[in-house]
Each structure stands twice: as C-alpha cells, then as structure tokens.
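Shown here: coords36.cif, mmCIF, C-alpha atoms.
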data_target
#
loop_
_atom_site.label_atom_id
_atom_site.label_comp_id
_atom_site.auth_asym_id
_atom_site.auth_seq_id
_atom_site.Cartn_x
_atom_site.Cartn_y
_atom_site.Cartn_z
CA MET P 1 -170.13 5.03 -168.22
CA PRO P 2 -172.50 3.06 -165.97
CA ASN P 3 -176.01 4.50 -165.78
CA GLN P 4 -175.75 5.25 -162.09
CA GLU P 5 -172.65 7.40 -162.67
CA SER P 6 -174.29 9.21 -165.54
CA ALA P 7 -177.40 9.83 -163.43
CA LEU P 8 -175.31 11.29 -160.60
CA ASN P 9 -173.49 13.59 -163.07
CA LYS P 10 -176.82 14.95 -164.27
CA VAL P 11 -178.28 15.41 -160.81
CA PHE P 12 -175.21 17.16 -159.40
CA HIS P 13 -175.01 19.33 -162.53
CA ALA P 14 -178.69 20.22 -162.20
CA LEU P 15 -178.16 21.31 -158.58
CA ALA P 16 -175.08 23.44 -159.36
CA ASP P 17 -177.20 26.49 -160.14
CA PRO P 18 -179.07 28.80 -157.71
CA THR P 19 -182.14 29.20 -159.95
CA ARG P 20 -182.54 25.46 -160.28
CA ARG P 21 -182.06 24.93 -156.54
CA ALA P 22 -184.68 27.63 -155.86
CA VAL P 23 -187.12 25.77 -158.16
CA ILE P 24 -186.52 22.52 -156.26
CA GLN P 25 -187.07 24.36 -152.99
CA ARG P 26 -190.32 25.90 -154.28
CA LEU P 27 -191.58 22.54 -155.58
CA GLY P 28 -190.94 21.05 -152.16
CA GLU P 29 -194.04 22.97 -151.09
CA GLY P 30 -196.14 21.42 -153.84
CA PRO P 31 -196.62 21.30 -157.63
CA ALA P 32 -196.64 24.61 -159.50
CA SER P 33 -197.21 25.90 -163.01
CA VAL P 34 -194.24 27.04 -165.10
CA LYS P 35 -195.66 30.55 -165.02
CA ASP P 36 -195.78 30.63 -161.20
CA LEU P 37 -192.34 29.06 -160.93
CA ALA P 38 -190.83 31.63 -163.31
CA GLU P 39 -192.46 34.60 -161.59
CA PRO P 40 -189.79 35.34 -158.90
CA PHE P 41 -186.94 35.31 -161.43
CA ASP P 42 -185.77 38.26 -163.47
CA MET P 43 -185.19 36.05 -166.49
CA ALA P 44 -186.61 35.58 -170.00
CA LEU P 45 -189.04 32.65 -170.11
CA PRO P 46 -186.96 30.63 -172.65
CA SER P 47 -183.93 30.83 -170.32
CA PHE P 48 -186.06 29.75 -167.39
CA MET P 49 -187.52 26.86 -169.44
CA GLN P 50 -183.96 25.75 -170.17
CA HIS P 51 -183.34 25.47 -166.41
CA LEU P 52 -186.50 23.37 -166.07
CA ARG P 53 -185.26 21.10 -168.87
CA VAL P 54 -181.96 20.53 -167.02
CA LEU P 55 -183.91 19.64 -163.87
CA GLU P 56 -186.18 17.32 -165.84
CA ASP P 57 -183.21 15.75 -167.62
CA GLY P 58 -181.64 15.10 -164.20
CA GLY P 59 -184.86 13.37 -163.13
CA LEU P 60 -185.39 15.87 -160.32
CA ILE P 61 -188.73 17.14 -161.58
CA LYS P 62 -191.45 15.96 -163.91
CA SER P 63 -193.95 18.08 -165.78
CA LYS P 64 -197.23 17.57 -167.55
CA LYS P 65 -199.30 19.78 -169.77
CA LYS P 66 -203.04 20.17 -169.36
CA GLY P 67 -204.56 22.51 -171.89
CA ARG P 68 -202.21 25.48 -172.02
CA ILE P 69 -200.81 25.05 -168.50
CA ARG P 70 -197.65 23.06 -167.82
CA THR P 71 -197.37 21.94 -164.20
CA CYS P 72 -194.14 20.75 -162.56
CA GLU P 73 -193.63 18.59 -159.54
CA ILE P 74 -190.64 17.26 -157.65
CA ARG P 75 -189.35 13.69 -157.95
CA PRO P 76 -187.67 12.99 -154.61
CA LYS P 77 -186.05 9.72 -155.76
CA GLU P 78 -183.11 11.33 -157.58
CA LEU P 79 -182.36 13.66 -154.69
CA SER P 80 -182.26 10.55 -152.50
CA LYS P 81 -179.54 9.08 -154.74
CA VAL P 82 -177.38 12.14 -154.14
CA GLU P 83 -178.11 11.90 -150.43
CA SER P 84 -177.07 8.21 -150.43
CA TRP P 85 -173.86 8.94 -152.28
CA ILE P 86 -172.86 11.59 -149.75
CA ALA P 87 -173.91 9.39 -146.82
CA ASP P 88 -171.67 6.60 -148.23
CA GLN P 89 -168.71 8.98 -148.33
CA ARG P 90 -169.42 10.10 -144.79
CA THR P 91 -169.51 6.47 -143.61
CA LEU P 92 -166.12 5.88 -145.22
CA TRP P 93 -164.34 8.85 -143.69
CA GLU P 94 -166.02 8.54 -140.30
CA ALA P 95 -164.92 4.89 -140.11
CA ARG P 96 -161.39 6.03 -140.91
CA LEU P 97 -161.48 8.79 -138.28
CA ASP P 98 -162.74 6.24 -135.73
CA ARG P 99 -159.85 3.93 -136.54
CA LEU P 100 -157.44 6.85 -136.24
CA ASP P 101 -159.01 7.81 -132.92
CA THR P 102 -158.69 4.24 -131.59
CA TYR P 103 -155.08 4.16 -132.75
CA LEU P 104 -154.25 7.44 -131.04
CA THR P 105 -156.03 6.37 -127.82
CA ASP P 106 -154.13 3.08 -127.82
CA LEU P 107 -150.91 4.98 -128.38
CA GLN P 108 -151.74 7.29 -125.48
CA LYS P 109 -152.59 4.33 -123.20
CA GLY P 110 -149.34 2.63 -124.15
CA LYS P 111 -147.49 5.82 -123.29
CA SER P 112 -149.08 6.32 -119.86
CA GLY P 113 -148.85 2.57 -119.16
CA GLY P 114 -145.14 2.46 -120.02
CA MET X 115 -174.87 36.16 -155.12
CA PRO X 116 -174.64 35.31 -151.40
CA ASN X 117 -171.51 33.36 -150.46
CA GLN X 118 -173.47 30.33 -149.35
CA GLU X 119 -175.14 30.08 -152.79
CA SER X 120 -171.85 30.48 -154.58
CA ALA X 121 -170.26 27.80 -152.37
CA LEU X 122 -173.08 25.36 -153.12
CA ASN X 123 -172.68 26.02 -156.87
CA LYS X 124 -169.02 25.12 -156.67
CA VAL X 125 -169.51 22.01 -154.56
CA PHE X 126 -172.31 20.63 -156.73
CA HIS X 127 -170.31 21.44 -159.86
CA ALA X 128 -167.25 19.69 -158.41
CA LEU X 129 -169.31 16.56 -157.71
CA ALA X 130 -170.88 16.45 -161.20
CA ASP X 131 -167.99 14.44 -162.60
CA PRO X 132 -167.17 10.74 -162.09
CA THR X 133 -163.39 11.27 -161.84
CA ARG X 134 -163.83 13.90 -159.15
CA ARG X 135 -166.31 11.74 -157.24
CA ALA X 136 -163.86 8.82 -157.42
CA VAL X 137 -161.14 11.05 -155.95
CA ILE X 138 -163.44 12.04 -153.06
CA GLN X 139 -164.25 8.37 -152.50
CA ARG X 140 -160.54 7.45 -152.49
CA LEU X 141 -159.67 10.28 -150.10
CA GLY X 142 -162.36 9.03 -147.73
CA GLU X 143 -159.91 6.22 -146.95
CA GLY X 144 -157.14 8.68 -146.08
CA PRO X 145 -154.79 11.29 -147.58
CA ALA X 146 -152.96 10.40 -150.80
CA SER X 147 -150.34 11.86 -153.08
CA VAL X 148 -151.39 13.32 -156.44
CA LYS X 149 -149.39 10.57 -158.15
CA ASP X 150 -151.28 7.80 -156.30
CA LEU X 151 -154.62 9.53 -156.87
CA ALA X 152 -153.97 9.84 -160.60
CA GLU X 153 -152.81 6.25 -161.01
CA PRO X 154 -156.21 4.54 -161.65
CA PHE X 155 -157.21 7.06 -164.34
CA ASP X 156 -156.34 6.83 -167.99
CA MET X 157 -155.77 10.56 -168.19
CA ALA X 158 -152.91 12.99 -168.81
CA LEU X 159 -151.58 14.42 -165.52
CA PRO X 160 -152.46 18.06 -166.41
CA SER X 161 -156.10 17.05 -167.02
CA PHE X 162 -156.15 15.18 -163.73
CA MET X 163 -154.62 18.16 -161.92
CA GLN X 164 -157.40 20.31 -163.35
CA HIS X 165 -159.95 18.00 -161.68
CA LEU X 166 -158.09 18.38 -158.39
CA ARG X 167 -158.18 22.16 -158.78
CA VAL X 168 -161.98 22.06 -159.23
CA LEU X 169 -162.28 19.97 -156.06
CA GLU X 170 -159.97 22.32 -154.17
CA ASP X 171 -161.85 25.36 -155.50
CA GLY X 172 -165.09 23.80 -154.22
CA GLY X 173 -163.45 23.38 -150.82
CA LEU X 174 -163.87 19.59 -150.93
CA ILE X 175 -160.17 18.81 -150.66
CA LYS X 176 -157.03 20.56 -149.53
CA SER X 177 -153.50 19.83 -150.62
CA LYS X 178 -150.01 20.60 -149.38
CA LYS X 179 -146.63 20.16 -150.94
CA LYS X 180 -143.70 18.70 -149.03
CA GLY X 181 -140.55 18.49 -151.11
CA ARG X 182 -141.65 17.22 -154.48
CA ILE X 183 -144.75 15.39 -153.23
CA ARG X 184 -148.17 17.03 -153.16
CA THR X 185 -150.57 15.28 -150.78
CA CYS X 186 -154.35 15.73 -150.86
CA GLU X 187 -156.90 15.18 -148.15
CA ILE X 188 -160.65 15.49 -147.88
CA ARG X 189 -162.42 18.41 -146.18
CA PRO X 190 -165.71 16.94 -144.96
CA LYS X 191 -167.26 20.33 -144.08
CA GLU X 192 -168.28 21.28 -147.62
CA LEU X 193 -169.84 17.88 -148.26
CA SER X 194 -171.84 18.43 -145.08
CA LYS X 195 -173.24 21.65 -146.56
CA VAL X 196 -174.56 19.72 -149.54
CA GLU X 197 -175.97 17.10 -147.21
CA SER X 198 -177.72 19.81 -145.16
CA TRP X 199 -179.19 21.43 -148.24
CA ILE X 200 -180.68 18.14 -149.41
CA ALA X 201 -181.90 17.30 -145.91
CA ASP X 202 -183.68 20.69 -145.80
CA GLN X 203 -185.45 19.92 -149.06
CA ARG X 204 -186.46 16.52 -147.77
CA THR X 205 -187.90 18.09 -144.60
CA LEU X 206 -189.96 20.46 -146.74
CA TRP X 207 -191.48 17.86 -149.02
CA GLU X 208 -191.99 15.26 -146.30
CA ALA X 209 -193.89 17.83 -144.24
CA ARG X 210 -196.04 18.51 -147.26
CA LEU X 211 -196.67 14.80 -147.88
CA ASP X 212 -197.62 14.41 -144.20
CA ARG X 213 -200.13 17.25 -144.49
CA LEU X 214 -201.52 15.67 -147.66
CA ASP X 215 -201.76 12.33 -145.92
CA THR X 216 -203.61 13.85 -142.95
CA TYR X 217 -205.95 15.62 -145.32
CA LEU X 218 -206.73 12.44 -147.25
CA THR X 219 -207.24 10.45 -144.03
CA ASP X 220 -209.62 13.12 -142.71
CA LEU X 221 -211.46 13.07 -146.01
CA GLN X 222 -211.75 9.29 -145.81
CA LYS X 223 -213.01 9.46 -142.19
CA GLY X 224 -215.58 12.08 -143.17
CA LYS X 225 -216.76 9.81 -145.97
CA SER X 226 -217.15 6.68 -143.81
CA GLY X 227 -218.63 8.78 -140.95
CA GLY X 228 -221.24 10.43 -143.18
#

Please rewrite the model in this file as structure tokens.
Amino acid sequence: MPNQESALNKVFHALADPTRRAVIQRLGEGPASVKDLAEPFDMALPSFMQHLRVLEDGGLIKSKKKGRIRTCEIRPKELSKVESWIADQRTLWEARLDRLDTYLTDLQKGKSGG
Amino acid sequence: MPNQESALNKVFHALADPTRRAVIQRLGEGPASVKDLAEPFDMALPSFMQHLRVLEDGGLIKSKKKGRIRTCEIRPKELSKVESWIADQRTLWEARLDRLDTYLTDLQKGKSGG
C-alpha cells in the first residue's frame, strides 16, 4: 500500500474515537502533560496512554519526556492531509453537480425555446 | 454518547480504509451500480458489500435497488461534518499560534525598545 494511503488509514482511524478527538481539541489550545490530558476522562491511565499512542502513531501528536513529565503537542500537518483529501472529494462532486446543473439549465432553455 | 459524536466515530471509521475511500472517490463522479463499483477491486463480492455497508452505516453513501441492480450514490452531508470538525480544530490552533506570534513580536519590540 502506498505510504500516503497508509498514513490516511492511520489518521482516520485515530480520529474515529471521541476520547482521541477530545485530546486533539484540547491540544489545539496548547501543549499539555499526559497527566493534565488524562484528567477529564474516567479511564485508567494505561487505557488513556493507549489512545495517545494511536494519536502519535497517526502522526497527529508528538510527545517528549522531560524528567518525569511527558508533554504532548499537536502536529497540524497530518490533520491537513485529511482536510485535503476531503476537499479533493468535494471538488470532484461539486464539479459534477455543476455539470448536471448546466445540463438541466440547457435542457430547460431548449424546452422554453422550442 | 451524543449523536453527533457517534456519527463522527462512524464517518471517521468508514474513511479509515483505502477501499472505502476509493469508493467515495469513484462516487464523486456520479452514482454507480455495486457491480461497477466492485469491478476494480480484487475482492470477493461479500467482502466488498461489507465495505459498502460500513459506508452506508456512516451515512456517506445511500443505495437503492431497482430490479436486480443496486445503485449507490454519495451523500456529501456527512463528509461535510468531518470537514467542519477539522476546520474547527484548525481555527483553535491557528488562533493560538496567532496569540503566540503576537506575544513573541511584543517581546521582541520590548527588547529592541529597551
């Protein structure tokens, strides 16, 4: 599978979970420690860490450890890939709808003209 | 879980697979029969149908049967939800980067002024 495809699989998979989306949303406000990120969730820390690993594996966040504190931050680039993919699809179907619209308008004109 | 969250889970999950993304891409060009959609894939028809069910469950496509032919078409609304979610995240982090930028510029001005 090409790398780009594999990357999109991972990013979409990472975003298919409400906890992981909430983490992305929180990190949009700025970097945070794992402890602070985990705080709002009623979840055992190992389970929460697993969510962070999926986000990191998808390239959506990066983390670094300083002393005993691990801090996470967002990596907007991968989210942009998802955004581009969806924008490409939109371009495709909007172009088709435009063509359909033109066709129907022409048909209508032909009708009123004839 | 609120409905909106559950819907996003399903849409992101549906898009986390290259076959399903290829189907969305194909349907961007216009409706197609299941047979035509399945044609490019080296996959048993039941497996392919399962992919279509995931897309339909995520609200990304709809299908109708006429005689013996089942035709699928895209439903752009759910893709728009994903697009909005990502756009919201981008707004958040861009606002933060702007604030950071302003802060650093002010700091720099203070430095050269003093």

TODO: Check which residues satisfy the PyMOL selection byres ((chain P) within 9 of (chain X)) in the file shown, then give them as a PyMOL selection string.
DONE: chain P and resi 1+5-6+8-18+24-25+27-30+74+76+79-80+82-83+86-97

TODO: Record the distance separating atom CA of Arg20 of chain P and atom CA of Gln50 of chain P, expressed in Å with one decimal.
DONE: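 Straight-line distance from atom CA of Arg20 of chain P to atom CA of Gln50 of chain P works out to 10.0 Å.
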
Task: Interatomic distance (Å, one decimal) between atom CA of Val148 of chain X and atom CA of Met163 of chain X - done: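 Here the two named atoms are 8.0 Å from each other.
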
Output, as a PDB file with C-alpha atoms, keeping the file's coordinate frame, the coordinates of chain P following least-squares superposition onto chain X across all in-order C-alpha pairs.
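So the final result, stored in superposed28.pdb, reads:
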ATOM      1  CA  MET P   1    -174.837  36.198-155.094  1.00  0.00           C
ATOM      2  CA  PRO P   2    -174.579  35.336-151.386  1.00  0.00           C
ATOM      3  CA  ASN P   3    -171.465  33.364-150.468  1.00  0.00           C
ATOM      4  CA  GLN P   4    -173.429  30.337-149.361  1.00  0.00           C
ATOM      5  CA  GLU P   5    -175.114  30.089-152.776  1.00  0.00           C
ATOM      6  CA  SER P   6    -171.823  30.488-154.568  1.00  0.00           C
ATOM      7  CA  ALA P   7    -170.246  27.814-152.361  1.00  0.00           C
ATOM      8  CA  LEU P   8    -173.072  25.377-153.124  1.00  0.00           C
ATOM      9  CA  ASN P   9    -172.686  26.036-156.882  1.00  0.00           C
ATOM     10  CA  LYS P  10    -169.008  25.139-156.669  1.00  0.00           C
ATOM     11  CA  VAL P  11    -169.523  22.036-154.567  1.00  0.00           C
ATOM     12  CA  PHE P  12    -172.329  20.649-156.730  1.00  0.00           C
ATOM     13  CA  HIS P  13    -170.309  21.452-159.864  1.00  0.00           C
ATOM     14  CA  ALA P  14    -167.266  19.706-158.402  1.00  0.00           C
ATOM     15  CA  LEU P  15    -169.329  16.569-157.709  1.00  0.00           C
ATOM     16  CA  ALA P  16    -170.898  16.470-161.196  1.00  0.00           C
ATOM     17  CA  ASP P  17    -168.007  14.455-162.605  1.00  0.00           C
ATOM     18  CA  PRO P  18    -167.189  10.741-162.083  1.00  0.00           C
ATOM     19  CA  THR P  19    -163.414  11.279-161.830  1.00  0.00           C
ATOM     20  CA  ARG P  20    -163.842  13.902-159.148  1.00  0.00           C
ATOM     21  CA  ARG P  21    -166.329  11.748-157.232  1.00  0.00           C
ATOM     22  CA  ALA P  22    -163.885   8.815-157.431  1.00  0.00           C
ATOM     23  CA  VAL P  23    -161.151  11.058-155.948  1.00  0.00           C
ATOM     24  CA  ILE P  24    -163.444  12.039-153.064  1.00  0.00           C
ATOM     25  CA  GLN P  25    -164.258   8.378-152.500  1.00  0.00           C
ATOM     26  CA  ARG P  26    -160.553   7.445-152.499  1.00  0.00           C
ATOM     27  CA  LEU P  27    -159.678  10.280-150.100  1.00  0.00           C
ATOM     28  CA  GLY P  28    -162.365   9.031-147.745  1.00  0.00           C
ATOM     29  CA  GLU P  29    -159.928   6.223-146.957  1.00  0.00           C
ATOM     30  CA  GLY P  30    -157.158   8.662-146.086  1.00  0.00           C
ATOM     31  CA  PRO P  31    -154.806  11.284-147.570  1.00  0.00           C
ATOM     32  CA  ALA P  32    -152.986  10.387-150.785  1.00  0.00           C
ATOM     33  CA  SER P  33    -150.358  11.851-153.079  1.00  0.00           C
ATOM     34  CA  VAL P  34    -151.395  13.304-156.441  1.00  0.00           C
ATOM     35  CA  LYS P  35    -149.411  10.554-158.127  1.00  0.00           C
ATOM     36  CA  ASP P  36    -151.300   7.787-156.287  1.00  0.00           C
ATOM     37  CA  LEU P  37    -154.632   9.505-156.856  1.00  0.00           C
ATOM     38  CA  ALA P  38    -153.973   9.843-160.598  1.00  0.00           C
ATOM     39  CA  GLU P  39    -152.814   6.248-161.007  1.00  0.00           C
ATOM     40  CA  PRO P  40    -156.217   4.534-161.635  1.00  0.00           C
ATOM     41  CA  PHE P  41    -157.214   7.046-164.323  1.00  0.00           C
ATOM     42  CA  ASP P  42    -156.364   6.807-167.990  1.00  0.00           C
ATOM     43  CA  MET P  43    -155.797  10.546-168.190  1.00  0.00           C
ATOM     44  CA  ALA P  44    -152.914  12.969-168.800  1.00  0.00           C
ATOM     45  CA  LEU P  45    -151.604  14.389-165.518  1.00  0.00           C
ATOM     46  CA  PRO P  46    -152.464  18.040-166.407  1.00  0.00           C
ATOM     47  CA  SER P  47    -156.105  17.029-167.017  1.00  0.00           C
ATOM     48  CA  PHE P  48    -156.178  15.157-163.734  1.00  0.00           C
ATOM     49  CA  MET P  49    -154.629  18.156-161.920  1.00  0.00           C
ATOM     50  CA  GLN P  50    -157.418  20.300-163.356  1.00  0.00           C
ATOM     51  CA  HIS P  51    -159.968  18.001-161.679  1.00  0.00           C
ATOM     52  CA  LEU P  52    -158.095  18.369-158.382  1.00  0.00           C
ATOM     53  CA  ARG P  53    -158.196  22.159-158.780  1.00  0.00           C
ATOM     54  CA  VAL P  54    -161.996  22.066-159.220  1.00  0.00           C
ATOM     55  CA  LEU P  55    -162.284  19.957-156.060  1.00  0.00           C
ATOM     56  CA  GLU P  56    -159.977  22.318-154.184  1.00  0.00           C
ATOM     57  CA  ASP P  57    -161.848  25.358-155.491  1.00  0.00           C
ATOM     58  CA  GLY P  58    -165.084  23.782-154.215  1.00  0.00           C
ATOM     59  CA  GLY P  59    -163.454  23.376-150.796  1.00  0.00           C
ATOM     60  CA  LEU P  60    -163.879  19.604-150.928  1.00  0.00           C
ATOM     61  CA  ILE P  61    -160.184  18.806-150.676  1.00  0.00           C
ATOM     62  CA  LYS P  62    -157.038  20.548-149.538  1.00  0.00           C
ATOM     63  CA  SER P  63    -153.495  19.823-150.617  1.00  0.00           C
ATOM     64  CA  LYS P  64    -150.022  20.584-149.389  1.00  0.00           C
ATOM     65  CA  LYS P  65    -146.623  20.153-150.924  1.00  0.00           C
ATOM     66  CA  LYS P  66    -143.698  18.668-149.041  1.00  0.00           C
ATOM     67  CA  GLY P  67    -140.551  18.506-151.105  1.00  0.00           C
ATOM     68  CA  ARG P  68    -141.659  17.208-154.488  1.00  0.00           C
ATOM     69  CA  ILE P  69    -144.755  15.372-153.230  1.00  0.00           C
ATOM     70  CA  ARG P  70    -148.177  17.012-153.160  1.00  0.00           C
ATOM     71  CA  THR P  71    -150.585  15.285-150.781  1.00  0.00           C
ATOM     72  CA  CYS P  72    -154.371  15.735-150.850  1.00  0.00           C
ATOM     73  CA  GLU P  73    -156.908  15.180-148.148  1.00  0.00           C
ATOM     74  CA  ILE P  74    -160.664  15.487-147.872  1.00  0.00           C
ATOM     75  CA  ARG P  75    -162.442  18.399-146.181  1.00  0.00           C
ATOM     76  CA  PRO P  76    -165.738  16.940-144.966  1.00  0.00           C
ATOM     77  CA  LYS P  77    -167.263  20.332-144.067  1.00  0.00           C
ATOM     78  CA  GLU P  78    -168.300  21.275-147.614  1.00  0.00           C
ATOM     79  CA  LEU P  79    -169.851  17.880-148.259  1.00  0.00           C
ATOM     80  CA  SER P  80    -171.855  18.439-145.072  1.00  0.00           C
ATOM     81  CA  LYS P  81    -173.256  21.673-146.539  1.00  0.00           C
ATOM     82  CA  VAL P  82    -174.571  19.754-149.536  1.00  0.00           C
ATOM     83  CA  GLU P  83    -175.985  17.125-147.203  1.00  0.00           C
ATOM     84  CA  SER P  84    -177.747  19.843-145.153  1.00  0.00           C
ATOM     85  CA  TRP P  85    -179.206  21.461-148.237  1.00  0.00           C
ATOM     86  CA  ILE P  86    -180.692  18.169-149.411  1.00  0.00           C
ATOM     87  CA  ALA P  87    -181.923  17.313-145.906  1.00  0.00           C
ATOM     88  CA  ASP P  88    -183.697  20.723-145.795  1.00  0.00           C
ATOM     89  CA  GLN P  89    -185.463  19.950-149.068  1.00  0.00           C
ATOM     90  CA  ARG P  90    -186.468  16.539-147.785  1.00  0.00           C
ATOM     91  CA  THR P  91    -187.914  18.106-144.618  1.00  0.00           C
ATOM     92  CA  LEU P  92    -189.974  20.479-146.752  1.00  0.00           C
ATOM     93  CA  TRP P  93    -191.490  17.872-149.040  1.00  0.00           C
ATOM     94  CA  GLU P  94    -191.981  15.276-146.314  1.00  0.00           C
ATOM     95  CA  ALA P  95    -193.881  17.849-144.232  1.00  0.00           C
ATOM     96  CA  ARG P  96    -196.051  18.536-147.268  1.00  0.00           C
ATOM     97  CA  LEU P  97    -196.675  14.828-147.900  1.00  0.00           C
ATOM     98  CA  ASP P  98    -197.622  14.419-144.221  1.00  0.00           C
ATOM     99  CA  ARG P  99    -200.121  17.251-144.500  1.00  0.00           C
ATOM    100  CA  LEU P 100    -201.517  15.699-147.673  1.00  0.00           C
ATOM    101  CA  ASP P 101    -201.745  12.334-145.932  1.00  0.00           C
ATOM    102  CA  THR P 102    -203.589  13.858-142.950  1.00  0.00           C
ATOM    103  CA  TYR P 103    -205.938  15.630-145.343  1.00  0.00           C
ATOM    104  CA  LEU P 104    -206.699  12.452-147.264  1.00  0.00           C
ATOM    105  CA  THR P 105    -207.207  10.457-144.033  1.00  0.00           C
ATOM    106  CA  ASP P 106    -209.569  13.125-142.714  1.00  0.00           C
ATOM    107  CA  LEU P 107    -211.425  13.059-146.007  1.00  0.00           C
ATOM    108  CA  GLN P 108    -211.700   9.275-145.805  1.00  0.00           C
ATOM    109  CA  LYS P 109    -212.940   9.432-142.183  1.00  0.00           C
ATOM    110  CA  GLY P 110    -215.508  12.046-143.147  1.00  0.00           C
ATOM    111  CA  LYS P 111    -216.674   9.781-145.947  1.00  0.00           C
ATOM    112  CA  SER P 112    -217.058   6.640-143.819  1.00  0.00           C
ATOM    113  CA  GLY P 113    -218.543   8.703-140.966  1.00  0.00           C
ATOM    114  CA  GLY P 114    -221.138  10.310-143.246  1.00  0.00           C
TER     115      GLY P 114
END

Open item on the list: I want to know what sits within 12 Å of Glu153 of chain X, based on all atoms listed in the file, with residues of the same chain fewer than 4 positions away left out; could you give that as a PyMOL selection string?
Closed with: chain X and resi 133+136-137+140+146-149+157-159+162

Task: Between atom CA of Pro145 of chain X and atom CA of Lys180 of chain X, distance in Å (one decimal) - done: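 We find that atom CA of Pro145 of chain X and atom CA of Lys180 of chain X lie 13.4 Å from each other.
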
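Taking all atoms listed in the file into account, Lys176 of chain X lies nearest to X:Glu192 out of the set X:Ser161, X:Gln118, X:Gly224, X:Glu192.
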
- [ ] With the file shown as input, list the residues that the PyMOL selection byres ((chain X and resi 170) around 10) selects, as a PyMOL selection string.
- [x] chain X and resi 124-125+128+164-169+171-177+186-189
